[in-house]
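A.B. asks: This one is entry.cif, mmCIF, C-alpha atoms.
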```cif
data_structure
loop_
_atom_site.label_atom_id
_atom_site.label_comp_id
_atom_site.auth_asym_id
_atom_site.auth_seq_id
_atom_site.Cartn_x
_atom_site.Cartn_y
_atom_site.Cartn_z
CA MET A 1 21.93 141.92 130.07
CA ARG A 2 24.90 142.53 127.77
CA GLU A 3 25.81 146.18 127.27
CA PRO A 4 25.26 147.26 123.64
CA PHE A 5 28.46 147.70 121.67
CA ARG A 6 29.56 151.23 120.98
CA ARG A 7 29.98 152.19 117.37
CA ILE A 8 33.61 152.51 116.28
CA PRO A 9 33.93 156.10 115.01
CA PHE A 10 35.14 157.12 111.56
CA THR A 11 35.76 153.70 110.01
CA ASP A 12 34.86 154.95 106.52
CA VAL A 13 37.34 156.80 104.33
CA LEU A 14 37.64 160.41 105.45
CA PRO A 15 37.58 163.22 102.84
CA SER A 16 40.89 164.00 101.18
CA PRO A 17 42.74 166.94 102.71
CA THR A 18 43.46 170.34 101.26
CA ILE A 19 47.24 170.75 101.27
CA VAL A 20 48.44 173.85 103.12
CA PRO A 21 50.44 175.65 101.83
CA ARG A 22 49.74 174.50 98.30
CA THR A 23 53.47 174.13 97.62
CA ALA A 24 53.67 171.26 100.17
CA THR A 25 52.84 168.53 97.65
CA THR A 26 56.47 167.50 97.09
CA ILE A 27 59.13 166.47 99.60
CA SER A 28 61.03 169.71 99.09
CA GLY A 29 57.86 171.78 99.38
CA ALA A 30 56.70 169.91 102.47
CA VAL A 31 60.11 170.26 104.12
CA ALA A 32 60.12 173.99 103.39
CA ALA A 33 56.64 174.36 104.93
CA LEU A 34 57.61 172.53 108.11
CA GLN A 35 60.87 174.43 108.28
CA ASP A 36 58.87 177.65 108.25
CA PHE A 37 56.53 176.13 110.85
CA PHE A 38 59.51 175.70 113.19
CA GLN A 39 61.32 178.91 112.23
CA GLY A 40 58.47 181.36 111.60
CA PRO A 41 57.69 184.47 113.66
CA LEU A 42 55.45 182.62 116.14
CA ALA A 43 58.00 179.84 116.61
CA LYS A 44 60.67 182.36 117.54
CA VAL A 45 58.55 183.46 120.50
CA SER A 46 58.21 179.95 121.94
CA HIS A 47 60.30 176.95 120.92
CA SER A 48 57.92 174.56 122.61
CA THR A 49 56.31 172.33 120.02
CA VAL A 50 54.40 169.29 121.26
CA VAL A 51 54.09 166.23 119.02
CA LEU A 52 50.81 164.26 118.93
CA SER A 53 51.35 160.93 117.19
CA GLY A 54 49.27 157.97 116.07
CA ALA A 55 49.50 154.52 114.52
CA GLY A 56 50.50 155.86 111.10
CA LEU A 57 53.93 156.71 112.51
CA SER A 58 54.57 153.03 113.34
CA VAL A 59 53.43 151.54 110.03
CA ALA A 60 57.00 151.75 108.71
CA SER A 61 58.01 149.50 111.63
CA GLY A 62 55.77 146.78 110.22
CA LEU A 63 52.79 147.33 112.52
CA ALA A 64 49.18 147.50 111.39
CA ASP A 65 47.16 150.68 111.83
CA TYR A 66 43.43 151.26 111.99
CA ARG A 67 42.45 153.83 109.39
CA GLY A 68 45.42 154.09 107.00
CA PRO A 69 45.34 153.03 103.33
CA LYS A 70 45.88 149.39 104.41
CA GLY A 71 44.46 149.81 107.91
CA THR A 72 42.35 147.18 109.63
CA TYR A 73 39.10 149.08 109.15
CA ARG A 74 39.80 149.22 105.41
CA VAL A 75 40.81 145.63 104.71
CA ASN A 76 38.82 143.80 107.40
CA LYS A 77 35.31 145.18 107.48
CA THR A 78 34.19 142.57 110.05
CA TYR A 79 36.84 143.50 112.60
CA ARG A 80 35.58 144.57 116.00
CA PRO A 81 37.92 145.03 118.97
CA ILE A 82 37.28 143.53 122.38
CA TYR A 83 35.74 146.03 124.77
CA TYR A 84 36.88 146.58 128.35
CA ASN A 85 33.59 145.44 129.91
CA GLU A 86 33.62 142.27 127.83
CA PHE A 87 37.17 141.54 128.90
CA VAL A 88 36.65 141.94 132.65
CA GLN A 89 33.29 140.17 132.70
CA SER A 90 33.91 137.13 130.50
CA HIS A 91 36.39 134.30 131.00
CA GLU A 92 35.79 133.13 127.41
CA VAL A 93 36.46 136.59 125.99
CA ARG A 94 39.74 136.73 127.90
CA LYS A 95 40.73 133.35 126.47
CA ARG A 96 40.14 134.67 122.95
CA TYR A 97 42.00 137.91 123.62
CA TRP A 98 45.07 136.30 125.18
CA ALA A 99 45.27 133.53 122.56
CA ARG A 100 45.39 136.08 119.74
CA SER A 101 47.78 138.31 121.67
CA PHE A 102 50.02 135.31 122.38
CA LEU A 103 50.40 134.70 118.65
CA GLY A 104 51.08 138.35 117.87
CA TRP A 105 53.40 139.31 120.71
CA THR A 106 56.59 137.80 119.27
CA THR A 107 56.36 139.92 116.12
CA LEU A 108 55.37 143.02 118.06
CA SER A 109 58.18 142.63 120.59
CA ARG A 110 60.74 142.26 117.81
CA ALA A 111 59.59 145.40 116.00
CA LYS A 112 61.72 148.52 116.40
CA PRO A 113 61.28 152.28 116.08
CA ASN A 114 61.67 153.57 112.53
CA ALA A 115 63.22 156.66 110.97
CA GLY A 116 60.16 158.74 111.87
CA HIS A 117 60.60 158.07 115.59
CA TYR A 118 64.29 158.90 115.45
CA ALA A 119 63.51 162.09 113.54
CA VAL A 120 61.27 163.12 116.45
CA LYS A 121 64.26 162.49 118.75
CA ALA A 122 66.38 164.71 116.52
CA LEU A 123 63.76 167.49 116.68
CA GLY A 124 63.99 167.26 120.45
CA ASP A 125 67.79 167.37 120.32
CA LEU A 126 67.56 170.50 118.19
CA GLY A 127 65.43 172.15 120.87
CA LEU A 128 62.32 172.27 118.69
CA VAL A 129 60.12 169.68 120.42
CA GLN A 130 59.60 169.65 124.18
CA LYS A 131 57.23 166.71 124.62
CA VAL A 132 55.46 163.88 122.79
CA ILE A 133 51.90 162.70 123.33
CA THR A 134 51.29 159.38 121.63
CA GLN A 135 48.20 157.26 121.14
CA ASN A 136 50.45 154.32 120.27
CA VAL A 137 50.95 151.45 122.70
CA ASP A 138 54.10 150.01 121.07
CA SER A 139 56.61 151.90 123.28
CA PHE A 140 58.58 153.07 120.23
CA HIS A 141 58.70 156.70 121.36
CA PRO A 142 60.34 156.06 124.77
CA MET A 143 62.65 153.54 123.07
CA ALA A 144 63.75 156.03 120.40
CA HIS A 145 64.09 159.11 122.60
CA PRO A 146 64.25 158.27 126.33
CA GLN A 147 65.42 161.81 127.15
CA LEU A 148 62.46 163.46 125.38
CA PRO A 149 59.38 163.05 127.60
CA THR A 150 56.57 160.89 126.21
CA ILE A 151 53.00 160.81 127.47
CA GLU A 152 51.52 157.43 126.51
CA LEU A 153 47.88 158.49 126.26
CA HIS A 154 46.48 154.99 125.75
CA GLY A 155 48.99 153.06 127.85
CA TYR A 156 51.44 150.44 126.60
CA LEU A 157 51.66 146.76 125.74
CA ARG A 158 55.03 146.14 127.40
CA SER A 159 53.24 145.31 130.67
CA CYS A 160 50.11 143.69 132.00
CA VAL A 161 48.21 145.15 134.95
CA CYS A 162 45.96 143.47 137.50
CA THR A 163 42.39 144.78 137.48
CA SER A 164 42.22 144.19 141.24
CA CYS A 165 45.49 145.23 142.90
CA LYS A 166 46.95 147.25 139.96
CA GLU A 167 50.25 145.36 140.20
CA LYS A 168 52.11 145.29 136.88
CA LEU A 169 53.80 142.31 135.25
CA PRO A 170 56.24 142.52 132.31
CA ARG A 171 54.61 141.27 129.11
CA ASP A 172 57.60 139.02 128.35
CA THR A 173 57.14 137.27 131.70
CA PHE A 174 53.43 136.90 131.00
CA GLN A 175 54.20 135.51 127.53
CA SER A 176 56.40 132.82 129.07
CA GLU A 177 53.58 131.85 131.41
CA LEU A 178 51.14 131.64 128.48
CA ALA A 179 53.56 129.35 126.66
CA ARG A 180 53.92 127.14 129.73
CA LEU A 181 50.16 126.84 130.19
CA ASN A 182 49.48 126.25 126.48
CA PRO A 183 52.16 123.92 125.06
CA ALA A 184 50.14 123.06 121.95
CA TRP A 185 49.64 126.75 121.14
CA ALA A 186 53.32 127.39 121.82
CA ALA A 187 54.30 124.67 119.36
CA PHE A 188 51.89 126.10 116.79
CA LEU A 189 53.40 129.58 117.26
CA GLN A 190 56.86 128.18 116.55
CA GLU A 191 55.51 126.54 113.38
CA ILE A 192 54.01 129.73 111.99
CA LEU A 193 57.13 131.71 112.93
CA ALA A 194 59.29 129.13 111.12
CA SER A 195 57.02 129.29 108.06
CA GLY A 196 57.48 133.06 107.80
CA ALA A 197 53.72 133.62 107.89
CA LEU A 198 54.18 136.50 110.36
CA ASP A 199 57.16 138.00 108.52
CA THR A 200 55.23 139.49 105.62
CA GLU A 201 53.56 142.85 106.15
CA ASP A 202 51.21 142.38 103.18
CA PRO A 203 47.68 141.85 104.61
CA ASP A 204 46.58 139.98 101.46
CA GLU A 205 49.49 137.54 101.76
CA ARG A 206 48.82 136.96 105.44
CA ARG A 207 45.15 136.24 104.74
CA ALA A 208 46.25 133.78 102.05
CA ARG A 209 48.18 131.96 104.77
CA GLY A 210 45.11 131.86 107.01
CA LEU A 211 46.01 134.81 109.25
CA ARG A 212 44.46 138.17 109.91
CA THR A 213 46.66 140.69 111.66
CA ASN A 214 45.21 143.70 113.44
CA PRO A 215 46.76 146.56 115.41
CA ASP A 216 48.39 146.05 118.80
CA GLY A 217 49.66 142.53 118.22
CA ASP A 218 46.30 140.89 117.52
CA VAL A 219 46.52 137.82 115.25
CA ASP A 220 43.21 136.28 114.26
CA LEU A 221 42.99 132.63 113.19
CA PRO A 222 39.52 131.86 111.81
CA ASP A 223 38.00 128.78 113.49
CA ALA A 224 40.85 128.53 116.01
CA PRO A 225 40.05 126.64 119.27
CA TYR A 226 40.22 129.70 121.51
CA THR A 227 38.20 127.93 124.21
CA THR A 228 41.20 125.70 124.97
CA PHE A 229 43.50 128.59 125.81
CA ARG A 230 44.54 129.21 129.42
CA TYR A 231 46.04 132.24 131.16
CA PRO A 232 47.56 132.84 134.63
CA ALA A 233 46.30 134.79 137.62
CA CYS A 234 47.93 137.86 139.11
CA PRO A 235 50.78 136.46 141.27
CA ARG A 236 50.22 139.03 144.00
CA CYS A 237 46.48 138.43 144.26
CA LEU A 238 47.04 134.69 144.22
CA THR A 239 49.24 135.04 147.30
CA ALA A 240 47.13 137.69 149.03
CA PRO A 241 43.55 137.91 147.67
CA PRO A 242 42.37 141.53 147.63
CA ILE A 243 39.23 143.11 149.01
CA THR A 244 36.76 143.69 146.15
CA SER A 245 34.66 146.81 145.55
CA ASP A 246 31.73 145.37 147.52
CA GLY A 247 33.91 144.83 150.59
CA SER A 248 34.19 141.06 150.27
CA LEU A 249 37.40 139.06 149.99
CA GLY A 250 38.27 138.41 146.37
CA LYS A 251 38.39 134.84 145.15
CA VAL A 252 41.44 133.84 143.10
CA GLU A 253 41.28 130.20 142.08
CA VAL A 254 43.67 128.38 139.76
CA ASP A 255 43.97 124.85 138.42
CA ALA A 256 46.85 122.49 139.12
CA ASP A 257 49.04 124.26 136.54
CA GLY A 258 48.28 127.77 137.79
CA ALA A 259 45.73 128.82 135.17
CA LEU A 260 42.97 131.13 136.40
CA LYS A 261 39.59 129.44 136.90
CA PRO A 262 36.35 131.10 135.71
CA THR A 263 35.05 131.07 139.29
CA SER A 264 37.61 133.72 140.27
CA THR A 265 36.38 137.20 141.17
CA ALA A 266 39.79 138.88 141.38
CA GLY A 267 43.36 138.60 140.10
CA ILE A 268 42.52 139.20 136.42
CA LEU A 269 45.42 140.52 134.36
CA LYS A 270 44.78 142.82 131.40
CA PRO A 271 47.12 144.59 128.99
CA ALA A 272 48.31 147.92 130.41
CA VAL A 273 46.50 149.78 127.64
CA VAL A 274 43.29 151.76 127.54
CA MET A 275 40.93 149.25 125.96
CA PHE A 276 37.90 150.28 123.91
CA GLY A 277 35.26 151.53 126.33
CA GLU A 278 37.78 152.15 129.12
CA ASN A 279 38.61 155.57 130.52
CA ILE A 280 42.04 157.18 130.31
CA GLN A 281 43.72 157.51 133.70
CA PRO A 282 42.92 160.97 135.14
CA SER A 283 46.60 161.72 135.82
CA ILE A 284 47.53 160.94 132.19
CA LYS A 285 44.63 163.01 130.88
CA THR A 286 45.68 165.96 133.03
CA GLU A 287 49.31 165.65 131.97
CA ALA A 288 48.37 165.63 128.28
CA GLU A 289 46.09 168.64 128.67
CA LYS A 290 48.83 170.54 130.51
CA ALA A 291 51.26 169.81 127.67
CA ILE A 292 48.83 171.32 125.14
CA VAL A 293 48.05 174.34 127.31
CA THR A 294 51.76 175.18 127.64
CA ALA A 295 52.72 174.37 124.04
CA GLY A 296 53.73 177.02 121.54
CA SER A 297 52.67 174.85 118.57
CA LEU A 298 51.37 171.36 117.80
CA LEU A 299 52.79 168.86 115.30
CA VAL A 300 50.35 166.01 114.53
CA LEU A 301 51.97 162.90 113.02
CA GLY A 302 50.37 159.77 111.57
CA THR A 303 46.88 160.02 113.02
CA SER A 304 43.40 160.70 111.69
CA LEU A 305 42.42 162.04 115.14
CA ALA A 306 39.40 159.72 114.99
CA THR A 307 39.53 158.94 118.70
CA TYR A 308 38.02 161.68 120.81
CA SER A 309 40.89 161.57 123.31
CA ALA A 310 43.30 162.74 120.58
CA TRP A 311 40.91 165.02 118.69
CA ARG A 312 40.04 167.03 121.80
CA LEU A 313 43.74 167.77 122.37
CA ALA A 314 44.14 169.07 118.81
CA LYS A 315 40.91 171.05 119.20
CA ARG A 316 42.22 172.57 122.44
CA ALA A 317 45.36 173.65 120.60
CA LYS A 318 43.22 175.21 117.88
CA ASP A 319 41.08 177.05 120.43
CA ARG A 320 44.26 178.47 121.95
CA GLY A 321 45.24 179.83 118.54
CA ILE A 322 48.64 178.16 118.34
CA PRO A 323 50.00 176.97 114.95
CA ILE A 324 49.14 173.38 114.02
CA ALA A 325 50.89 171.18 111.46
CA ILE A 326 49.33 167.84 110.46
CA VAL A 327 51.23 165.13 108.57
CA ASN A 328 49.02 162.15 107.78
CA LEU A 329 48.26 159.86 104.86
CA GLY A 330 44.53 160.22 104.33
CA GLY A 331 41.92 162.50 105.85
CA VAL A 332 41.68 163.74 109.42
CA ARG A 333 38.59 164.06 111.57
CA GLY A 334 37.13 167.55 111.14
CA GLU A 335 40.36 168.85 109.68
CA ASN A 336 38.71 171.80 107.94
CA GLU A 337 38.10 173.17 111.41
CA PHE A 338 41.84 173.32 112.02
CA PHE A 339 42.56 175.31 108.86
CA THR A 340 39.44 177.48 108.36
CA ASP A 341 41.50 180.66 108.55
CA LEU A 342 44.19 179.41 106.17
CA ARG A 343 43.75 179.27 102.42
CA PRO A 344 46.24 177.23 100.37
CA SER A 345 47.00 180.32 98.31
CA SER A 346 47.28 182.68 101.28
CA PHE A 347 50.58 184.41 101.98
CA GLN A 348 51.90 182.05 104.61
CA ARG A 349 54.57 179.49 103.96
CA GLY A 350 53.86 177.32 106.98
CA HIS A 351 54.39 179.41 110.11
CA ARG A 352 50.63 179.65 110.81
CA GLY A 353 49.74 176.10 109.86
CA VAL A 354 50.62 173.14 107.67
CA ARG A 355 48.70 170.19 106.20
CA ILE A 356 50.75 167.53 104.43
CA GLU A 357 49.74 164.13 103.07
CA MET A 358 52.99 162.15 103.06
CA SER A 359 54.75 159.29 104.83
CA THR A 360 56.42 160.41 108.06
CA GLU A 361 59.22 157.90 107.45
CA GLU A 362 60.25 159.76 104.30
CA LEU A 363 59.41 163.33 105.25
CA LEU A 364 60.69 163.71 108.81
CA PRO A 365 64.33 162.62 108.21
CA ALA A 366 64.50 165.02 105.25
CA LEU A 367 63.17 167.79 107.48
CA VAL A 368 65.74 167.08 110.19
CA GLU A 369 68.58 167.15 107.66
CA LYS A 370 67.44 170.54 106.41
CA LEU A 371 66.96 171.98 109.89
CA ARG A 372 70.44 170.90 110.95
CA GLN A 373 71.84 173.09 108.19
CA SER A 374 69.91 176.14 109.41
CA SER A 375 71.80 178.85 111.26
CA SER A 376 68.68 179.95 113.14
CA ILE A 377 68.13 176.43 114.44
CA ARG A 378 71.74 176.28 115.61
CA ALA A 379 71.12 179.53 117.48
CA ILE A 380 68.04 178.04 119.16
CA ARG A 381 70.05 175.04 120.28
CA GLU A 382 72.90 177.21 121.58
CA ASP A 383 70.39 179.34 123.53
CA ARG A 384 68.83 176.21 125.02
CA ASP A 385 72.23 174.76 125.98
CA HIS A 386 73.30 178.11 127.48
CA SER A 387 70.11 178.29 129.54
CA ALA A 388 70.66 174.73 130.73
CA GLU A 389 74.23 175.57 131.76
CA GLN A 390 73.04 178.66 133.65
CA HIS A 391 70.37 176.62 135.42
CA SER A 392 72.91 173.96 136.35
CA ALA A 393 75.39 176.55 137.62
CA SER A 394 72.67 178.24 139.66
CA ALA A 395 71.65 174.90 141.18
CA VAL A 396 75.26 174.19 142.16
CA LYS A 397 75.60 177.65 143.68
CA ASP A 398 72.42 177.18 145.72
CA THR A 399 73.72 173.84 146.96
CA MET A 400 77.04 175.32 148.01
CA SER A 401 75.51 178.32 149.81
#
```
Can I see the file as structure tokens?

C.D. replies:
Amino acid sequence: MREPFRRIPFTDVLPSPTIVPRTATTISGAVAALQDFFQGPLAKVSHSTVVLSGAGLSVASGLADYRGPKGTYRVNKTYRPIYYNEFVQSHEVRKRYWARSFLGWTTLSRAKPNAGHYAVKALGDLGLVQKVITQNVDSFHPMAHPQLPTIELHGYLRSCVCTSCKEKLPRDTFQSELARLNPAWAAFLQEILASGALDTEDPDERRARGLRTNPDGDVDLPDAPYTTFRYPACPRCLTAPPITSDGSLGKVEVDADGALKPTSTAGILKPAVVMFGENIQPSIKTEAEKAIVTAGSLLVLGTSLATYSAWRLAKRAKDRGIPIAIVNLGGVRGENEFFTDLRPSSFQRGHRGVRIEMSTEELLPALVEKLRQSSSIRAIREDRDHSAEQHSASAVKDTMS
């Protein structure tokens, strides 16, 4: 019996936010509020802000989001993602998933971090941000700031992972295999790339060209022959079939070209992301919780916090009583709970909390420029560099002794 589908939470428009402080309705006012957030009395005690980011931060890179003004849940009311149990149990579902992912991967792999991601890097360089937790699977954070640690809460699309042996395979390698196994689809992909149908970021224009684009590199072609699509087996399991959960030897069968047969019981590759209905890895969950527990403040960027995995982290920060700043276009799940003790007219300029409704691409670079001019921020950076030098010198001394 098929498991009933879980309801996707918060697909309707969330209530508009109350801006805090009330002066943060312009770029200059919002920058001033966030500057106070980073430089206020509480910030001076602990320069350990953690960033929690979502799909809204990557919109400026040309990627679709879920709940933004032009998000998938707004413009495509019939959209429903593929669930983990569907994926692992159904050969036909996997065909559909990988066909759509095959069409979307080229655009996704060409996309780059935007000014918002590089502004987060700059905040780390200034000593103001110690870690990033992201719900995004596009790898833009580690690309933009490899020295600033990133916890990828929901995994990443740059790799595939075997559901049996857990071996990982680069997504580019997997894409080449998909093209080899599906020459007609590969030719069609080249046609739509040449036509520019995937170049436009306007969802209405893409629909006019017969395409629907969804988050995470999913391109939907109505009435496409998904049943003809083929995908490869895990190379490791194909060579050495694993023992399955019931103790039997897994069966990995492929056709003459190397495409996985539906009779296989092992060697199934999936994207290295947390799919809908799948649990976050315990080690990642623990790492994210530790980051929140040790943070001095939380900066939320480009997310409605609709997924429980993200909301619970923000709620944990609130329960700890640390300052929270939220920058997001549109409402946020239960956001009144985060600012119940802050009135827009109260005498606080941002050090206790901030709520801004603006684009991160525009706001964050302006904030960084302002912070770089601040003498107190320069002092923070000098203190951090001095501490690092002392730690390094101490390590050398210990080695020599």

A.B. asks: Considering all atoms listed in the file, state which residue in the set A:Pro365, A:Gly40, A:Gly29, A:Pro21 is at the smallest distance from Asn114 in chain A.

C.D. replies: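 Of A:Pro365, A:Gly40, A:Gly29, A:Pro21, the one nearest Asn114 in chain A, counting all atoms listed in the file, is A:Pro365.
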
A.B. asks: One decimal, Å: what's the distance from CA of Arg372 in chain A over to CA of Thr294 in chain A, could you say?

C.D. replies: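 If I compute the distance from CA of Arg372 in chain A to CA of Thr294 in chain A, I get 25.4 Å.
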
A.B. asks: Mind dumping a table of every range 93-177 of chain A residue within 10 Å of range 36-39 of chain A, with the nearest atom pair and its distance in Å to one decimal, using all atoms listed in the file, sorted by chain and rising number, as a Markdown table?

C.D. replies:
```
| residue | atom | partner | partner_atom | distance |
| --- | --- | --- | --- | --- |
| A:Leu123 | CA | A:Phe38 | CA | 9.9 |
| A:Leu128 | CA | A:Phe38 | CA | 7.1 |
| A:Val129 | CA | A:Phe38 | CA | 9.4 |
```

A.B. asks: Have a look at CA of Pro222 in chain A and CA of Ile268 in chain A and let me know their distance in Å, one decimal.

C.D. replies: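 According to the coordinates, CA of Pro222 in chain A and CA of Ile268 in chain A are separated by 25.9 Å.
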
A.B. asks: Would you list the contacts of Arg96 in chain A as a PyMOL selection string, taking every protein, DNA or RNA residue within 12 Å and counting only C-alpha atoms, but skipping same-chain residues closer than 3 positions in sequence?

C.D. replies: chain A and resi 81-82+86-87+90-93+99-103+218-231

A.B. asks: List, as a PyMOL selection string, every residue that the PyMOL selection byres ((chain A and resi 300-316) around 8) selects in the file provided.

C.D. replies: chain A and resi 9-10+51-57+67+135+288-289+292-293+298-299+317-320+324-333+338+360

A.B. asks: Can you list every residue of range 325-371 of chain A that has an atom at most 9 Å from range 115-120 of chain A, with its nearest atom pair and the distance in Å to one decimal, using only C-alpha atoms, ordered by chain then number, as JSON lines?

C.D. replies:
```
{"residue": "A:Ser359", "atom": "CA", "partner": "A:Gly116", "partner_atom": "CA", "distance": 8.9}
{"residue": "A:Thr360", "atom": "CA", "partner": "A:Gly116", "partner_atom": "CA", "distance": 5.6}
{"residue": "A:Glu361", "atom": "CA", "partner": "A:Gly116", "partner_atom": "CA", "distance": 4.6}
{"residue": "A:Glu362", "atom": "CA", "partner": "A:Gly116", "partner_atom": "CA", "distance": 7.6}
{"residue": "A:Leu363", "atom": "CA", "partner": "A:Gly116", "partner_atom": "CA", "distance": 8.1}
{"residue": "A:Leu364", "atom": "CA", "partner": "A:Ala119", "partner_atom": "CA", "distance": 5.7}
{"residue": "A:Pro365", "atom": "CA", "partner": "A:Ala119", "partner_atom": "CA", "distance": 5.4}
{"residue": "A:Ala366", "atom": "CA", "partner": "A:Ala119", "partner_atom": "CA", "distance": 8.8}
{"residue": "A:Leu367", "atom": "CA", "partner": "A:Ala119", "partner_atom": "CA", "distance": 8.3}
{"residue": "A:Val368", "atom": "CA", "partner": "A:Ala119", "partner_atom": "CA", "distance": 6.4}
```

A.B. asks: Please list as a list in words every residue within 9 Å of range 251-261 of chain A, counting only C-alpha atoms and excluding residues in the same chain fewer than 5 positions away.

C.D. replies: His91, Arg180, Leu181, Arg230, Tyr231, Pro232, Ala233, Cys234, Cys237, Leu238, Thr239, Pro241, Pro242, Ala266, Gly267 and Ile268 of chain A
